[in-house]
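Peer 1: What follows is a structure written as structure tokens; I'll ask about it next.
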Amino acid sequence: MLKLYNTLTNQVEEFKPIEENKVRVYVCGPTVHDFAHIGNFRTFLFADLLRRYLKFKGYQVHHVMNITDVDDKIIRKSVEKGQTLREYTQIYTDYFFEDFDALGAERPEEILRATDHIPEMIEIIKRLSANGHTYQSDGSTYYRINTFTGYGKLSKMNFEGNVTGASERVDSDEYEAKENARDFVLWKAVKPGEPFWETDLGQGRPGWHIECSAMSMKALGETFDIHAGGIDLVFPHHENEIAQSEGATGKPFVHYWVHAEFLMVEGQKMSKSLGNFFTFRDLVEKGYTPRAIRYLLLSAPHHKQLNFTLEGLRGAESTVARLNDFKLRLNEAAVEDGETPATAELIARSLKRFEDAMDDDLNTAEALAAVHDFVRETNSALAQGSLKADDKKALLAAVDRFDSVFSIFGEVKKEMLDSEIQALIDERQAARKAKNFARSDEIRNQLTEMGIILEDTKDGVRWRRK
Ligand code: AMP
Ligand code: ZN
């Protein structure tokens with residue numbers, strides 16, 4: 001039985017979907033004003049792991065992710081570039097999905113753009129107004145939070161004794177003219193030179209929070225199973241989503257709220273504003289493989305912060321290379337017909353340990369430990385030559401089962417071009433002539449790591465791919 005830590009109840013709970021075999025999941029997607037960094041991808045890969053594990057458990061998954069394609073930064077940057085919102089955001093949306101796919105994340109069943117759902121947002125705001133939750137000021141519409149008794153139930157913040165009349169910046173929306181500092185904007189009146197939509201609420205554009213209430217309920221219904229995102233979205237974003245959705249429908253919005261902890265750098269959250277970030281592309285340019293980045297980001301359970309270092313990434317690089325090599329060797333092992341009870345026992349034990357770990361609030365560290373022990377034990381059986389044909393088939397099927405969740409055994413070697421290989425070999429020959437054996441060994445090791453085998457023959461050095 002899968003158990004998940006639910007931010008709403010502050011407890012690890014047994015997961016029971018509304019419909020027996022189907023799970024409806026909404027994940028807050030990227031704001032497409034720039035390249036995403038690998039901190040963002042920690043959260044998206046966590047969502048990928050969650051969806052894959054739900055499928056592993058036999059559920060049919062309907063996973064929805066939005067694209068936030070309108071906000072202050074996007075407007076400013078697109079205006080600077082003389083592009084429409086759509087032209088500007090399409091560029092970063094495409095980059096985002098290039099990275100997303102390369103990191104081995106499965107595409108959600110639905111990917112929805114905020115700007116395609118303005119009518120749905122207006123509809124919810126109208127329902128909120130009818131229920132007495134809104135007020136207007138200077139052409140903008142605000143949510144009056146003290147009309148919603150459950151306000152604060154997700155973040156466990158206490159809003160009694162709020163300062164009224166104060167104006168404070170609590171998220172990416174800029175506040176003015178609010179009655180209460182914590183009230184938030186649902187619909188923003190147009191400002192000169194900015195793009196706007198013509199609606200019953202006047203000319204303007206949506207606040208950030210209303211986007212997710214509108215898109216999630218449109219795609220998944222007024223009550224659905226799981227809502228996920230990074231931990232920084234708990235307040236105010238998700239708290240406000242609850243106020244909007246439940247304030248409009250009177251029904252519980254989401255049963256399980258799950259949040260991924262931060263990717264950190266030297267004790268601080270990786271973030272654009274601190275400048276302490278790597279994009280996926282930065283790391284690929286440095287020669288790291290997507291598979292290792294994926295491994296590293298998934299290796300710590302989502303409820304723990306993960307400290308990012310290049311040294312850690314190098315470690316992940318050798319781990320995924322070892323896993324890949326193991327799979328290749330197992331595939332190629334020559335075996336005789338038959339099967340052994342020891343292999344059946346190893347597979348059953350390893351899969352159970354893996355599943356118990358993942359059931360325990362997706363404890364990836366323990367699940368990966370089960371995978372590594374399985375690899376180690378299979379390696380010694382391979383070395384002893386004790387495996388039979390049915391064992392091999394069953395072991396490969398077990399690898400696929402683990403990999404349906406983690407996707408880390410796959411191809412990881414970056415192919416080197418023939419010309420690059422030849423250039424390195426030439427450099428090695430020159431180093432040897434100059435008696436610089438340290439450099440010549442270094443090059444040989446580098447080539448070995450890339451799967452290139454060197455043979456010294458009387459006609460010179462030949463090379464082949466492993
Ligand atoms: P954004 O594109 O800024 O809307 O963020 C996309 C997602 O990345 C959100 O779910 C954030 O909570 C998440 N996020 C941002 N920074 C980090 C970080 N350092 N570690 C993990 N998740 C993060
Ligand atoms: Zn959201």
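A note on labels: chains of the structure tokens are A, B, ... as shown, every chain counts residues from 1, and ligands are counted from 1 in their shown order.
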Write out as a PyMOL selection string the residues lying within 12 Å of Ala348 (chain A), counting only C-alpha atoms and excluding same-chain residues fewer than 6 positions away.

Peer 2: chain A and resi 341-342+354-355+370+374+394-395+397-398+401

Peer 1: May I ask you to write as a JSON list (two decimals) with C-alpha atoms, in the first residue's frame all residues lying at most 10 Å from ligand 1, with only C-alpha atoms and all ligand atoms counted?

Peer 2:
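Wrote result.json, looks like this:
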```json
[["chain", "number", "residue", "atom", "x", "y", "z"],
["A", 27, "VAL", "CA", 1.53, 19.52, -11.09],
["A", 28, "CYS", "CA", 2.31, 23.24, -11.20],
["A", 29, "GLY", "CA", 4.44, 23.70, -14.29],
["A", 30, "PRO", "CA", 7.18, 26.11, -15.29],
["A", 31, "THR", "CA", 6.96, 29.85, -15.72],
["A", 32, "VAL", "CA", 8.41, 30.15, -19.19],
["A", 33, "HIS", "CA", 10.38, 33.38, -19.06],
["A", 34, "ASP", "CA", 13.86, 31.81, -19.20],
["A", 35, "PHE", "CA", 15.62, 28.43, -19.09],
["A", 36, "ALA", "CA", 14.59, 26.23, -16.18],
["A", 37, "HIS", "CA", 17.40, 25.36, -13.75],
["A", 38, "ILE", "CA", 18.05, 21.92, -12.31],
["A", 39, "GLY", "CA", 16.36, 22.93, -9.03],
["A", 40, "ASN", "CA", 13.15, 23.31, -11.02],
["A", 41, "PHE", "CA", 13.86, 19.95, -12.61],
["A", 42, "ARG", "CA", 14.24, 18.33, -9.21],
["A", 43, "THR", "CA", 10.53, 19.07, -8.71],
["A", 44, "PHE", "CA", 9.52, 17.99, -12.23],
["A", 45, "LEU", "CA", 11.52, 14.76, -11.99],
["A", 46, "PHE", "CA", 9.89, 14.10, -8.64],
["A", 47, "ALA", "CA", 6.51, 14.46, -10.36],
["A", 66, "ASN", "CA", 0.35, 23.79, -16.76],
["A", 67, "ILE", "CA", 2.59, 26.28, -18.46],
["A", 68, "THR", "CA", 2.52, 29.70, -16.82],
["A", 96, "PHE", "CA", 11.79, 23.45, -21.46],
["A", 172, "SER", "CA", 5.28, 37.60, -7.70],
["A", 208, "TRP", "CA", -1.03, 33.77, -11.02],
["A", 228, "ALA", "CA", 2.15, 18.51, -6.45],
["A", 229, "GLY", "CA", 4.82, 21.19, -6.73],
["A", 230, "GLY", "CA", 7.93, 22.51, -5.03],
["A", 231, "ILE", "CA", 7.81, 23.28, -1.31],
["A", 232, "ASP", "CA", 7.94, 27.04, -1.93],
["A", 233, "LEU", "CA", 4.50, 26.83, -3.55],
["A", 234, "VAL", "CA", 2.75, 25.84, -0.30],
["A", 237, "HIS", "CA", 0.25, 29.73, -4.21],
["A", 259, "HIS", "CA", 5.68, 18.85, -2.14],
["A", 260, "ALA", "CA", 9.28, 18.38, -3.21],
["A", 261, "GLU", "CA", 11.99, 19.88, -1.03],
["A", 262, "PHE", "CA", 14.63, 22.15, -2.48],
["A", 263, "LEU", "CA", 17.75, 21.44, -4.40],
["A", 264, "MET", "CA", 20.32, 23.41, -2.41],
["A", 265, "VAL", "CA", 23.72, 24.90, -3.11],
["A", 268, "GLN", "CA", 20.90, 27.99, 0.05],
["A", 269, "LYS", "CA", 18.02, 27.20, -2.27],
["A", 270, "MET", "CA", 19.13, 26.99, -5.89],
["A", 271, "SER", "CA", 17.38, 29.93, -7.51],
["A", 272, "LYS", "CA", 17.52, 32.37, -10.35],
["A", 276, "ASN", "CA", 23.65, 29.97, -7.73],
["A", 277, "PHE", "CA", 22.06, 27.81, -10.40],
["A", 297, "LEU", "CA", 18.10, 14.50, -8.66],
["A", 302, "HIS", "CA", 11.63, 14.30, -2.11],
["A", 305, "GLN", "CA", 16.73, 18.75, 0.80],
["A", 306, "LEU", "CA", 19.45, 17.71, -1.60],
["A", 307, "ASN", "CA", 22.74, 19.53, -1.74],
["A", 308, "PHE", "CA", 24.01, 19.88, -5.28]]
```

Peer 1: Using only C-alpha atoms and all ligand atoms, which residue out of A:Trp463, A:Phe253, A:Tyr5, A:Tyr26 lies closest to ligand 2?

Peer 2: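 Result for the nearest residue to ligand 2: A:Tyr26.
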
Peer 1: So which one's closest to Leu351 (chain A), A:Val371, A:Ala102, A:Ile75, A:Ile421? Using only C-alpha atoms, please.

Peer 2: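 Of A:Val371, A:Ala102, A:Ile75, A:Ile421, the one nearest Leu351 (chain A), counting only C-alpha atoms, is A:Val371.
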
Peer 1: Using CA of Tyr295 (chain A) and CA of Arg329 (chain A) as the two end points, give the distance in Å to one decimal.

Peer 2: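 According to the coordinates, CA of Tyr295 (chain A) and CA of Arg329 (chain A) are separated by 20.6 Å.
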